file data.cif (mmCIF, C-alpha atoms, pLDDT in the B column; chains and numbers go by the auth columns)
data_run
loop_
_atom_site.group_PDB
_atom_site.id
_atom_site.type_symbol
_atom_site.label_atom_id
_atom_site.label_comp_id
_atom_site.label_asym_id
_atom_site.label_seq_id
_atom_site.Cartn_x
_atom_site.Cartn_y
_atom_site.Cartn_z
_atom_site.B_iso_or_equiv
_atom_site.auth_seq_id
_atom_site.auth_asym_id
ATOM 1 C CA MET A 1 -18.265 14.669 11.610 63.00 23 A
ATOM 2 C CA PRO A 2 -21.337 15.730 9.553 61.00 24 A
ATOM 3 C CA ASP A 3 -24.565 15.631 11.547 57.00 25 A
ATOM 4 C CA ALA A 4 -26.090 12.650 9.713 76.00 26 A
ATOM 5 C CA ALA A 5 -22.890 10.580 9.574 85.00 27 A
ATOM 6 C CA VAL A 6 -22.221 7.598 11.831 95.00 28 A
ATOM 7 C CA LEU A 7 -18.828 7.089 10.219 97.00 29 A
ATOM 8 C CA SER A 8 -16.386 9.688 8.925 97.00 30 A
ATOM 9 C CA ILE A 9 -13.114 8.917 7.157 97.00 31 A
ATOM 10 C CA ARG A 10 -10.911 11.909 6.406 97.00 32 A
ATOM 11 C CA ASN A 11 -7.787 11.937 4.234 97.00 33 A
ATOM 12 C CA VAL A 12 -6.727 8.427 5.270 98.00 34 A
ATOM 13 C CA SER A 13 -3.625 6.811 3.788 97.00 35 A
ATOM 14 C CA LYS A 14 -1.949 3.489 4.494 97.00 36 A
ATOM 15 C CA THR A 15 1.415 2.368 3.186 97.00 37 A
ATOM 16 C CA PHE A 16 2.880 -1.127 3.158 95.00 38 A
ATOM 17 C CA GLY A 17 6.552 -0.878 2.252 93.00 39 A
ATOM 18 C CA GLN A 18 6.661 0.926 -1.083 91.00 40 A
ATOM 19 C CA ARG A 19 2.970 0.334 -1.856 94.00 41 A
ATOM 20 C CA ARG A 20 0.300 2.916 -1.029 95.00 42 A
ATOM 21 C CA ALA A 21 -2.751 0.771 -0.231 97.00 43 A
ATOM 22 C CA LEU A 22 -4.899 3.819 0.644 97.00 44 A
ATOM 23 C CA ASP A 23 -4.128 7.239 -0.764 97.00 45 A
ATOM 24 C CA GLY A 24 -5.970 10.153 0.821 97.00 46 A
ATOM 25 C CA VAL A 25 -9.341 8.394 1.131 98.00 47 A
ATOM 26 C CA SER A 26 -12.303 10.414 2.469 97.00 48 A
ATOM 27 C CA LEU A 27 -15.759 8.930 2.973 97.00 49 A
ATOM 28 C CA ASN A 28 -18.860 9.513 5.104 96.00 50 A
ATOM 29 C CA ALA A 29 -21.499 6.885 5.866 97.00 51 A
ATOM 30 C CA THR A 30 -24.891 7.844 7.287 96.00 52 A
ATOM 31 C CA LYS A 31 -27.224 5.788 9.451 94.00 53 A
ATOM 32 C CA GLY A 32 -29.070 3.141 7.473 95.00 54 A
ATOM 33 C CA GLU A 33 -26.901 3.199 4.346 97.00 55 A
ATOM 34 C CA MET A 34 -25.800 0.006 2.596 97.00 56 A
ATOM 35 C CA ILE A 35 -22.583 0.728 0.735 98.00 57 A
ATOM 36 C CA ALA A 36 -20.702 -1.617 -1.579 98.00 58 A
ATOM 37 C CA LEU A 37 -16.944 -1.179 -1.816 98.00 59 A
ATOM 38 C CA ILE A 38 -15.762 -2.496 -5.170 97.00 60 A
ATOM 39 C CA GLY A 39 -12.515 -2.470 -7.117 95.00 61 A
ATOM 40 C CA PRO A 40 -9.827 -4.849 -8.353 94.00 62 A
ATOM 41 C CA SER A 41 -7.699 -6.921 -5.992 92.00 63 A
ATOM 42 C CA GLY A 42 -5.212 -4.696 -4.201 92.00 64 A
ATOM 43 C CA SER A 43 -7.316 -1.555 -4.630 95.00 65 A
ATOM 44 C CA GLY A 44 -7.572 -0.958 -0.873 96.00 66 A
ATOM 45 C CA LYS A 45 -11.039 -2.279 -0.010 96.00 67 A
ATOM 46 C CA SER A 46 -10.035 -4.658 2.786 95.00 68 A
ATOM 47 C CA THR A 47 -7.386 -2.242 4.050 97.00 69 A
ATOM 48 C CA LEU A 48 -10.096 0.405 4.456 97.00 70 A
ATOM 49 C CA LEU A 49 -12.382 -1.901 6.465 97.00 71 A
ATOM 50 C CA ARG A 50 -9.514 -3.049 8.685 96.00 72 A
ATOM 51 C CA SER A 51 -8.617 0.577 9.343 97.00 73 A
ATOM 52 C CA ILE A 52 -12.203 1.464 10.275 97.00 74 A
ATOM 53 C CA SER A 53 -12.324 -1.428 12.741 95.00 75 A
ATOM 54 C CA ALA A 54 -8.903 -0.489 14.175 95.00 76 A
ATOM 55 C CA LEU A 55 -7.413 -3.850 13.234 95.00 77 A
ATOM 56 C CA GLN A 56 -4.538 -1.880 11.733 95.00 78 A
ATOM 57 C CA THR A 57 -3.175 1.626 12.041 97.00 79 A
ATOM 58 C CA ILE A 58 -3.282 4.232 9.295 97.00 80 A
ATOM 59 C CA ASP A 59 -0.250 6.300 8.283 97.00 81 A
ATOM 60 C CA ALA A 60 0.831 9.177 10.485 96.00 82 A
ATOM 61 C CA GLY A 61 -0.360 12.529 9.197 95.00 83 A
ATOM 62 C CA PRO A 62 -3.702 14.261 8.745 94.00 84 A
ATOM 63 C CA GLY A 63 -5.776 11.094 8.397 96.00 85 A
ATOM 64 C CA GLU A 64 -8.615 10.514 10.858 97.00 86 A
ATOM 65 C CA ILE A 65 -11.407 7.964 11.360 97.00 87 A
ATOM 66 C CA VAL A 66 -14.393 8.740 13.605 97.00 88 A
ATOM 67 C CA ALA A 67 -17.399 6.515 14.373 96.00 89 A
ATOM 68 C CA PHE A 68 -20.448 7.654 16.367 93.00 90 A
ATOM 69 C CA ASP A 69 -18.550 10.831 17.261 86.00 91 A
ATOM 70 C CA GLY A 70 -15.887 8.698 18.962 90.00 92 A
ATOM 71 C CA PRO A 71 -12.353 8.756 17.542 93.00 93 A
ATOM 72 C CA VAL A 72 -11.119 5.426 16.169 96.00 94 A
ATOM 73 C CA GLN A 73 -7.673 6.563 15.099 97.00 95 A
ATOM 74 C CA LYS A 74 -5.795 9.662 14.102 95.00 96 A
ATOM 75 C CA ASP A 75 -2.256 10.536 13.008 94.00 97 A
ATOM 76 C CA GLY A 76 -1.270 6.878 12.835 94.00 98 A
ATOM 77 C CA LYS A 77 -2.403 6.055 16.370 96.00 99 A
ATOM 78 C CA ILE A 78 -5.427 4.095 17.556 96.00 100 A
ATOM 79 C CA ASP A 79 -7.417 6.025 20.151 95.00 101 A
ATOM 80 C CA GLY A 80 -7.056 4.870 23.739 92.00 102 A
ATOM 81 C CA ASN A 81 -10.829 4.661 24.210 91.00 103 A
ATOM 82 C CA VAL A 82 -11.532 2.825 20.957 91.00 104 A
ATOM 83 C CA ARG A 83 -12.838 -0.294 22.708 88.00 105 A
ATOM 84 C CA LYS A 84 -16.126 1.407 23.531 88.00 106 A
ATOM 85 C CA THR A 85 -16.567 2.527 19.928 91.00 107 A
ATOM 86 C CA ARG A 86 -15.652 -0.904 18.549 90.00 108 A
ATOM 87 C CA THR A 87 -18.438 -2.587 20.495 90.00 109 A
ATOM 88 C CA ARG A 88 -20.832 -0.888 18.071 93.00 110 A
ATOM 89 C CA ILE A 89 -18.945 -2.049 14.964 96.00 111 A
ATOM 90 C CA GLY A 90 -19.406 -5.646 13.831 95.00 112 A
ATOM 91 C CA MET A 91 -16.821 -7.215 11.509 95.00 113 A
ATOM 92 C CA ILE A 92 -17.708 -10.070 9.143 95.00 114 A
ATOM 93 C CA PHE A 93 -14.745 -11.825 7.511 93.00 115 A
ATOM 94 C CA GLN A 94 -14.395 -13.856 4.332 90.00 116 A
ATOM 95 C CA GLN A 95 -13.254 -16.898 6.335 88.00 117 A
ATOM 96 C CA PHE A 96 -15.941 -16.439 9.023 87.00 118 A
ATOM 97 C CA ASN A 97 -13.501 -16.191 12.004 91.00 119 A
ATOM 98 C CA LEU A 98 -15.460 -18.583 14.161 94.00 120 A
ATOM 99 C CA VAL A 99 -13.683 -20.737 16.750 93.00 121 A
ATOM 100 C CA GLY A 100 -13.946 -24.118 15.072 94.00 122 A
ATOM 101 C CA ARG A 101 -13.856 -26.290 18.201 95.00 123 A
ATOM 102 C CA LEU A 102 -16.642 -24.325 19.883 95.00 124 A
ATOM 103 C CA SER A 103 -20.336 -24.769 19.234 96.00 125 A
ATOM 104 C CA LEU A 104 -22.161 -22.415 16.921 97.00 126 A
ATOM 105 C CA PHE A 105 -24.163 -21.150 19.914 96.00 127 A
ATOM 106 C CA THR A 106 -20.994 -20.307 21.859 94.00 128 A
ATOM 107 C CA ASN A 107 -19.498 -18.502 18.882 95.00 129 A
ATOM 108 C CA VAL A 108 -22.620 -16.387 18.540 96.00 130 A
ATOM 109 C CA ALA A 109 -22.845 -15.720 22.292 94.00 131 A
ATOM 110 C CA LEU A 110 -19.274 -14.402 22.184 92.00 132 A
ATOM 111 C CA GLY A 111 -20.724 -11.330 20.528 91.00 133 A
ATOM 112 C CA SER A 112 -21.746 -10.177 24.017 90.00 134 A
ATOM 113 C CA LEU A 113 -18.166 -10.081 25.329 87.00 135 A
ATOM 114 C CA GLY A 114 -18.101 -6.295 25.281 78.00 136 A
ATOM 115 C CA ARG A 115 -20.935 -6.196 27.820 76.00 137 A
ATOM 116 C CA ILE A 116 -20.352 -9.131 30.172 76.00 138 A
ATOM 117 C CA ASN A 117 -17.593 -10.307 32.499 77.00 139 A
ATOM 118 C CA PHE A 118 -14.832 -12.248 30.724 73.00 140 A
ATOM 119 C CA TRP A 119 -14.946 -15.083 33.250 70.00 141 A
ATOM 120 C CA GLN A 120 -18.654 -15.570 32.692 76.00 142 A
ATOM 121 C CA ALA A 121 -17.908 -16.264 29.059 70.00 143 A
ATOM 122 C CA ALA A 122 -14.850 -18.407 29.829 71.00 144 A
ATOM 123 C CA PHE A 123 -16.969 -20.785 31.917 70.00 145 A
ATOM 124 C CA GLY A 124 -20.037 -20.612 29.681 76.00 146 A
ATOM 125 C CA LEU A 125 -22.081 -18.788 32.327 79.00 147 A
ATOM 126 C CA TRP A 126 -24.049 -16.760 29.826 88.00 148 A
ATOM 127 C CA PRO A 127 -26.611 -14.288 31.158 90.00 149 A
ATOM 128 C CA THR A 128 -30.201 -15.019 30.203 92.00 150 A
ATOM 129 C CA GLU A 129 -30.231 -11.997 27.897 93.00 151 A
ATOM 130 C CA THR A 130 -27.256 -13.374 25.950 93.00 152 A
ATOM 131 C CA LYS A 131 -28.779 -16.856 25.655 93.00 153 A
ATOM 132 C CA GLN A 132 -32.046 -15.463 24.375 96.00 154 A
ATOM 133 C CA ALA A 133 -30.352 -13.065 21.963 96.00 155 A
ATOM 134 C CA ALA A 134 -28.081 -15.790 20.562 96.00 156 A
ATOM 135 C CA MET A 135 -30.899 -18.250 19.960 97.00 157 A
ATOM 136 C CA ALA A 136 -33.130 -15.543 18.485 98.00 158 A
ATOM 137 C CA ALA A 137 -30.379 -14.593 16.016 97.00 159 A
ATOM 138 C CA LEU A 138 -29.763 -18.230 15.080 97.00 160 A
ATOM 139 C CA HIS A 139 -33.492 -18.757 14.513 97.00 161 A
ATOM 140 C CA ARG A 140 -33.732 -15.581 12.461 97.00 162 A
ATOM 141 C CA PHE A 141 -30.988 -16.700 10.090 97.00 163 A
ATOM 142 C CA GLY A 142 -32.165 -20.287 9.814 96.00 164 A
ATOM 143 C CA VAL A 143 -29.346 -22.091 11.636 97.00 165 A
ATOM 144 C CA ALA A 144 -30.807 -22.680 15.121 97.00 166 A
ATOM 145 C CA GLU A 145 -30.833 -26.454 14.568 97.00 167 A
ATOM 146 C CA TYR A 146 -27.029 -26.369 14.439 98.00 168 A
ATOM 147 C CA ALA A 147 -26.635 -24.448 17.716 97.00 169 A
ATOM 148 C CA THR A 148 -24.869 -27.280 19.559 97.00 170 A
ATOM 149 C CA GLN A 149 -22.745 -28.362 16.600 97.00 171 A
ATOM 150 C CA ARG A 150 -19.035 -27.514 16.391 97.00 172 A
ATOM 151 C CA ALA A 151 -18.526 -24.585 14.055 97.00 173 A
ATOM 152 C CA ASN A 152 -15.898 -26.358 11.958 96.00 174 A
ATOM 153 C CA THR A 153 -18.376 -29.090 11.013 97.00 175 A
ATOM 154 C CA LEU A 154 -20.752 -26.625 9.352 96.00 176 A
ATOM 155 C CA SER A 155 -20.876 -25.464 5.745 95.00 177 A
ATOM 156 C CA GLY A 156 -19.434 -22.108 4.762 95.00 178 A
ATOM 157 C CA GLY A 157 -22.868 -20.590 4.382 95.00 179 A
ATOM 158 C CA GLN A 158 -23.950 -21.809 7.817 96.00 180 A
ATOM 159 C CA GLN A 159 -20.781 -20.474 9.416 96.00 181 A
ATOM 160 C CA GLN A 160 -21.195 -17.085 7.753 96.00 182 A
ATOM 161 C CA ARG A 161 -24.771 -16.822 8.998 97.00 183 A
ATOM 162 C CA GLY A 162 -23.412 -17.629 12.450 97.00 184 A
ATOM 163 C CA ALA A 163 -20.865 -14.845 12.100 97.00 185 A
ATOM 164 C CA ILE A 164 -23.616 -12.377 11.212 97.00 186 A
ATOM 165 C CA ALA A 165 -25.686 -13.627 14.155 97.00 187 A
ATOM 166 C CA ARG A 166 -22.696 -12.916 16.409 96.00 188 A
ATOM 167 C CA ALA A 167 -22.641 -9.294 15.188 96.00 189 A
ATOM 168 C CA LEU A 168 -26.354 -9.045 15.973 95.00 190 A
ATOM 169 C CA VAL A 169 -25.766 -10.302 19.533 96.00 191 A
ATOM 170 C CA GLN A 170 -22.959 -7.747 19.758 95.00 192 A
ATOM 171 C CA LYS A 171 -25.647 -5.092 19.115 94.00 193 A
ATOM 172 C CA ALA A 172 -23.512 -3.605 16.378 95.00 194 A
ATOM 173 C CA LYS A 173 -24.855 -0.523 14.629 95.00 195 A
ATOM 174 C CA ILE A 174 -22.332 -0.672 11.783 97.00 196 A
ATOM 175 C CA ILE A 175 -21.587 -3.921 9.962 97.00 197 A
ATOM 176 C CA LEU A 176 -18.279 -4.151 8.081 97.00 198 A
ATOM 177 C CA ALA A 177 -18.372 -7.197 5.804 97.00 199 A
ATOM 178 C CA ASP A 178 -15.091 -8.041 4.050 97.00 200 A
ATOM 179 C CA GLU A 179 -15.782 -10.270 1.034 96.00 201 A
ATOM 180 C CA PRO A 180 -18.460 -12.159 3.004 96.00 202 A
ATOM 181 C CA VAL A 181 -19.567 -14.273 0.029 95.00 203 A
ATOM 182 C CA ALA A 182 -16.219 -14.914 -1.696 92.00 204 A
ATOM 183 C CA SER A 183 -15.941 -18.464 -0.287 90.00 205 A
ATOM 184 C CA LEU A 184 -19.587 -19.428 -0.761 94.00 206 A
ATOM 185 C CA ASP A 185 -21.591 -21.195 -3.443 94.00 207 A
ATOM 186 C CA PRO A 186 -24.065 -18.987 -5.363 93.00 208 A
ATOM 187 C CA VAL A 187 -27.129 -20.017 -3.329 95.00 209 A
ATOM 188 C CA SER A 188 -25.403 -19.439 0.023 95.00 210 A
ATOM 189 C CA ALA A 189 -23.928 -16.181 -1.271 95.00 211 A
ATOM 190 C CA ARG A 190 -27.350 -14.819 -2.195 96.00 212 A
ATOM 191 C CA ARG A 191 -28.743 -15.808 1.202 96.00 213 A
ATOM 192 C CA VAL A 192 -25.934 -13.971 3.020 96.00 214 A
ATOM 193 C CA MET A 193 -26.442 -10.863 0.881 97.00 215 A
ATOM 194 C CA GLU A 194 -30.193 -11.009 1.561 97.00 216 A
ATOM 195 C CA ILE A 195 -29.505 -11.188 5.309 97.00 217 A
ATOM 196 C CA LEU A 196 -27.213 -8.153 5.157 97.00 218 A
ATOM 197 C CA ARG A 197 -29.849 -6.288 3.154 97.00 219 A
ATOM 198 C CA GLU A 198 -32.495 -7.278 5.707 97.00 220 A
ATOM 199 C CA LEU A 199 -30.391 -5.982 8.592 97.00 221 A
ATOM 200 C CA ASN A 200 -29.939 -2.746 6.679 97.00 222 A
ATOM 201 C CA LYS A 201 -33.584 -2.231 5.719 96.00 223 A
ATOM 202 C CA GLN A 202 -35.431 -3.719 8.699 96.00 224 A
ATOM 203 C CA ASP A 203 -33.009 -3.013 11.533 96.00 225 A
ATOM 204 C CA GLY A 204 -31.603 0.252 10.186 96.00 226 A
ATOM 205 C CA LEU A 205 -27.988 -0.906 10.439 97.00 227 A
ATOM 206 C CA THR A 206 -25.303 0.786 8.379 97.00 228 A
ATOM 207 C CA VAL A 207 -23.569 -1.813 6.207 98.00 229 A
ATOM 208 C CA LEU A 208 -20.270 -1.495 4.338 98.00 230 A
ATOM 209 C CA VAL A 209 -19.538 -4.591 2.270 98.00 231 A
ATOM 210 C CA THR A 210 -16.556 -5.273 0.023 97.00 232 A
ATOM 211 C CA LEU A 211 -17.431 -7.331 -3.042 96.00 233 A
ATOM 212 C CA HIS A 212 -15.718 -8.738 -6.097 91.00 234 A
ATOM 213 C CA GLN A 213 -19.123 -9.590 -7.567 90.00 235 A
ATOM 214 C CA VAL A 214 -20.154 -6.291 -9.136 92.00 236 A
ATOM 215 C CA ASP A 215 -23.615 -7.631 -9.955 92.00 237 A
ATOM 216 C CA TYR A 216 -24.214 -8.247 -6.223 95.00 238 A
ATOM 217 C CA ALA A 217 -23.092 -4.698 -5.458 95.00 239 A
ATOM 218 C CA LEU A 218 -25.589 -3.272 -7.938 94.00 240 A
ATOM 219 C CA ARG A 219 -28.398 -5.604 -6.866 95.00 241 A
ATOM 220 C CA TYR A 220 -28.208 -5.263 -3.088 96.00 242 A
ATOM 221 C CA CYS A 221 -26.597 -1.876 -2.391 97.00 243 A
ATOM 222 C CA ASP A 222 -27.988 1.583 -3.051 95.00 244 A
ATOM 223 C CA ARG A 223 -24.575 3.268 -2.985 97.00 245 A
ATOM 224 C CA VAL A 224 -21.335 2.094 -4.533 97.00 246 A
ATOM 225 C CA VAL A 225 -17.830 3.306 -3.727 98.00 247 A
ATOM 226 C CA ALA A 226 -15.164 2.129 -6.169 97.00 248 A
ATOM 227 C CA LEU A 227 -11.470 2.145 -5.343 97.00 249 A
ATOM 228 C CA LYS A 228 -8.555 1.874 -7.731 96.00 250 A
ATOM 229 C CA ALA A 229 -4.923 1.954 -6.612 95.00 251 A
ATOM 230 C CA GLY A 230 -5.951 3.214 -3.179 96.00 252 A
ATOM 231 C CA LYS A 231 -8.078 6.123 -4.404 97.00 253 A
ATOM 232 C CA ILE A 232 -11.837 6.550 -4.641 98.00 254 A
ATOM 233 C CA VAL A 233 -12.729 6.815 -8.326 97.00 255 A
ATOM 234 C CA TYR A 234 -16.526 6.581 -7.981 97.00 256 A
ATOM 235 C CA ASP A 235 -18.895 7.350 -5.116 97.00 257 A
ATOM 236 C CA GLY A 236 -22.559 7.492 -5.951 97.00 258 A
ATOM 237 C CA PRO A 237 -25.783 5.587 -6.549 97.00 259 A
ATOM 238 C CA ALA A 238 -25.548 2.064 -7.900 94.00 260 A
ATOM 239 C CA THR A 239 -27.853 3.097 -10.703 93.00 261 A
ATOM 240 C CA GLY A 240 -25.324 5.728 -11.811 93.00 262 A
ATOM 241 C CA LEU A 241 -22.450 3.303 -12.371 91.00 263 A
ATOM 242 C CA LYS A 242 -22.066 2.707 -16.101 89.00 264 A
ATOM 243 C CA ARG A 243 -20.332 0.096 -18.211 87.00 265 A
ATOM 244 C CA GLU A 244 -17.537 2.376 -19.346 90.00 266 A
ATOM 245 C CA GLN A 245 -16.771 3.339 -15.736 92.00 267 A
ATOM 246 C CA LEU A 246 -16.539 -0.301 -14.703 91.00 268 A
ATOM 247 C CA ILE A 247 -14.196 -1.040 -17.590 90.00 269 A
ATOM 248 C CA ASP A 248 -12.042 1.907 -16.515 92.00 270 A
ATOM 249 C CA ILE A 249 -11.974 0.597 -12.930 92.00 271 A
ATOM 250 C CA TYR A 250 -11.251 -3.055 -13.722 91.00 272 A
ATOM 251 C CA GLY A 251 -9.542 -2.845 -17.112 87.00 273 A
ATOM 252 C CA PRO A 252 -10.591 -3.959 -20.611 82.00 274 A
ATOM 253 C CA GLU A 253 -10.740 -7.620 -19.548 76.00 275 A
ATOM 254 C CA PHE A 254 -13.845 -6.766 -17.549 75.00 276 A
ATOM 255 C CA GLU A 255 -15.786 -6.632 -20.820 65.00 277 A
ATOM 256 C CA ASP A 256 -15.095 -10.340 -21.350 62.00 278 A
ATOM 257 C CA VAL A 257 -16.794 -11.344 -18.095 57.00 279 A
ATOM 258 C CA PHE A 258 -19.697 -8.928 -18.205 52.00 280 A
ATOM 259 C CA TRP A 259 -22.973 -10.493 -17.131 49.00 281 A
ATOM 260 C CA GLU A 260 -26.353 -10.384 -18.782 42.00 282 A
ATOM 261 C CA GLY A 261 -28.299 -7.312 -17.698 44.00 283 A
ATOM 262 C CA ALA A 262 -25.227 -5.201 -16.871 51.00 284 A
ATOM 263 C CA PRO A 263 -25.512 -1.413 -16.963 51.00 285 A
ATOM 264 C CA THR A 264 -25.055 0.323 -20.298 48.00 286 A
#

call {"tool": "encode", "arguments": {"input": "data.cif", "output": "structure tokens"}}
result
Amino acid sequence: MPDAAVLSIRNVSKTFGQRRALDGVSLNATKGEMIALIGPSGSGKSTLLRSISALQTIDAGPGEIVAFDGPVQKDGKIDGNVRKTRTRIGMIFQQFNLVGRLSLFTNVALGSLGRINFWQAAFGLWPTETKQAAMAALHRFGVAEYATQRANTLSGGQQQRGAIARALVQKAKIILADEPVASLDPVSARRVMEILRELNKQDGLTVLVTLHQVDYALRYCDRVVALKAGKIVYDGPATGLKREQLIDIYGPEFEDVFWEGAPT
């Protein structure tokens, strides 16, 4: 792994049946980067995040994923010691992945599971540090007043802020956000993107976020990685991504939905 990298992906492929979802993908992420992963549906964005978090295996072969100098997976096998590495990687999902019947506070406190005894959590015997961290995160993201409310009674934006708070309690150093605003209204979506940007800039967290909204990628992320048919077709500054490249990535129909102020 390069000295400055906290995440290194080398020659990673993933095949589902006859479809190659990832095709020899290589990517490094350094501490404090905020990287947007863009591309059409089926381009491999979510597959890449799920592979980084060891939620799925990559194909056997030369592919390798390393985080914080700890192996995540290699040659189609997840490393036996990956649990320690995963405690430093927070995953944010499109559908929030909160336990609906539990309170928002409990969902956020569950971020500490990698550091406390399972039975403490099962009986709600949270250490003082966890209680304080959970409430501080809820306050920070403006949802502390809903701490005792069941998660499934909250709006999508409130649940997503709870999911991000859980990653903060987890003490994650890398945030993987898979379409975190796809299910949200525009106001809630902007708030979630602002929170991710804040964690990146103020807390120094490395953030990889998959987005269908290209304008959000250009507005909030300094670096953009574009995938098409499982391959990286652009990796560089957001300011360097031009209209003709976006049309090549998404197809000629992209021109019809271009927004005001798009790159030229």

call {"tool": "atom_distance", "arguments": {"input": "data.cif", "atom1": "CA of Ser65 in chain A", "atom2": "CA of Gly252 in chain A"}}
result
5.2 Å

call {"tool": "resolve_selection", "arguments": {"input": "data.cif", "expression": "the PyMOL selection byres ((chain A and resi 34) around 8)", "output": "list of chain:residue names"}}
result
A:Ile31, A:Arg32, A:Asn33, A:Ser35, A:Lys36, A:Leu44, A:Asp45, A:Gly46, A:Val47, A:Ser48, A:Ile80, A:Asp81, A:Pro84, A:Gly85, A:Glu86, A:Ile87

call {"tool": "resolve_selection", "arguments": {"input": "data.cif", "expression": "the PyMOL selection byres ((chain A and resi 78) around 10)", "output": "list in words"}}
result
Lys36, Thr69, Leu70, Leu71, Arg72, Ser73, Ile74, Ser75, Ala76, Leu77, Thr79, Ile80, Asp81, Gln95, Gly98, Lys99 and Ile100 of chain A

call {"tool": "resolve_selection", "arguments": {"input": "data.cif", "expression": "the PyMOL selection byres ((chain A and resi 196-209) around 7)", "output": "list in words"}}
result
Ser68, Leu71, Arg110, Ile111, Gly112, Met113, Ile114, Phe115, Gln116, Gly178, Gly179, Ala194, Lys195, Ser210, Ala211, Arg212, Arg213, Leu227, Thr228, Val229, Leu230, Val231, Thr232 and Leu233 of chain A

call {"tool": "write_last_selection", "arguments": {"input": "data.cif", "atoms": "C-alpha atoms", "output": "PDB file, in the coordinates of the input"}}
result
ATOM      1  CA  SER A  68     -10.035  -4.658   2.786  1.00 95.00           C
ATOM      2  CA  LEU A  71     -12.382  -1.901   6.465  1.00 97.00           C
ATOM      3  CA  ARG A 110     -20.832  -0.888  18.071  1.00 93.00           C
ATOM      4  CA  ILE A 111     -18.945  -2.049  14.964  1.00 96.00           C
ATOM      5  CA  GLY A 112     -19.406  -5.646  13.831  1.00 95.00           C
ATOM      6  CA  MET A 113     -16.821  -7.215  11.509  1.00 95.00           C
ATOM      7  CA  ILE A 114     -17.708 -10.070   9.143  1.00 95.00           C
ATOM      8  CA  PHE A 115     -14.745 -11.825   7.511  1.00 93.00           C
ATOM      9  CA  GLN A 116     -14.395 -13.856   4.332  1.00 90.00           C
ATOM     10  CA  GLY A 178     -19.434 -22.108   4.762  1.00 95.00           C
ATOM     11  CA  GLY A 179     -22.868 -20.590   4.382  1.00 95.00           C
ATOM     12  CA  ALA A 194     -23.512  -3.605  16.378  1.00 95.00           C
ATOM     13  CA  LYS A 195     -24.855  -0.523  14.629  1.00 95.00           C
ATOM     14  CA  SER A 210     -25.403 -19.439   0.023  1.00 95.00           C
ATOM     15  CA  ALA A 211     -23.928 -16.181  -1.271  1.00 95.00           C
ATOM     16  CA  ARG A 212     -27.350 -14.819  -2.195  1.00 96.00           C
ATOM     17  CA  ARG A 213     -28.743 -15.808   1.202  1.00 96.00           C
ATOM     18  CA  LEU A 227     -27.988  -0.906  10.439  1.00 97.00           C
ATOM     19  CA  THR A 228     -25.303   0.786   8.379  1.00 97.00           C
ATOM     20  CA  VAL A 229     -23.569  -1.813   6.207  1.00 98.00           C
ATOM     21  CA  LEU A 230     -20.270  -1.495   4.338  1.00 98.00           C
ATOM     22  CA  VAL A 231     -19.538  -4.591   2.270  1.00 98.00           C
ATOM     23  CA  THR A 232     -16.556  -5.273   0.023  1.00 97.00           C
ATOM     24  CA  LEU A 233     -17.431  -7.331  -3.042  1.00 96.00           C
TER      25      LEU A 233
END

call {"tool": "closest_residue", "arguments": {"input": "data.cif", "among": "A:Gln117, A:Gln267, A:Ser125, A:Asn103", "to": "Thr175 in chain A", "atoms": "only C-alpha atoms"}}
result
A:Ser125

call {"tool": "residues_around", "arguments": {"input": "data.cif", "residues": "Val236 in chain A", "least_positions_apart": "6", "cutoff": "9 Å", "atoms": "all atoms listed in the file", "output": "PyMOL selection string"}}
result
chain A and resi 58+60-61+268

call {"tool": "write_last_selection", "arguments": {"input": "data.cif", "atoms": "C-alpha atoms", "output": "compact mmCIF listing (two decimals), in the frame of the given file"}}
result
# COMPACT_ATOMS: atom_id res chain seq x y z
CA ALA A 58 -20.70 -1.62 -1.58
CA ILE A 60 -15.76 -2.50 -5.17
CA GLY A 61 -12.52 -2.47 -7.12
CA LEU A 268 -16.54 -0.30 -14.70

call {"tool": "atom_distance", "arguments": {"input": "data.cif", "atom1": "CA of Ala156 in chain A", "atom2": "CA of Arg105 in chain A"}}
result
21.8 Å

call {"tool": "closest_residue", "arguments": {"input": "data.cif", "among": "A:Leu120, A:Ala82, A:Met157, A:Cys243", "to": "Glu55 in chain A", "atoms": "all atoms listed in the file"}}
result
A:Cys243

call {"tool": "atom_distance", "arguments": {"input": "data.cif", "atom1": "CA of Arg123 in chain A", "atom2": "CA of Ile217 in chain A"}}
result
25.3 Å

call {"tool": "closest_residue", "arguments": {"input": "data.cif", "among": "A:Leu176, A:Ala251, A:Ile138, A:Leu124", "to": "Gln192 in chain A", "atoms": "all atoms listed in the file"}}
result
A:Ile138

call {"tool": "closest_residue", "arguments": {"input": "data.cif", "among": "A:Met215, A:Leu132, A:Val94, A:Leu29", "to": "Pro149 in chain A", "atoms": "all atoms listed in the file"}}
result
A:Leu132

call {"tool": "axis_aligned_box", "arguments": {"input": "data.cif", "around": "range 112-115 of chain A", "padding_each_side": "3 Å", "output": "lines of an AutoDock Vina configuration file"}}
result
center_x = -17.1
center_y = -8.7
center_z = 10.7
size_x = 10.7
size_y = 12.2
size_z = 12.3
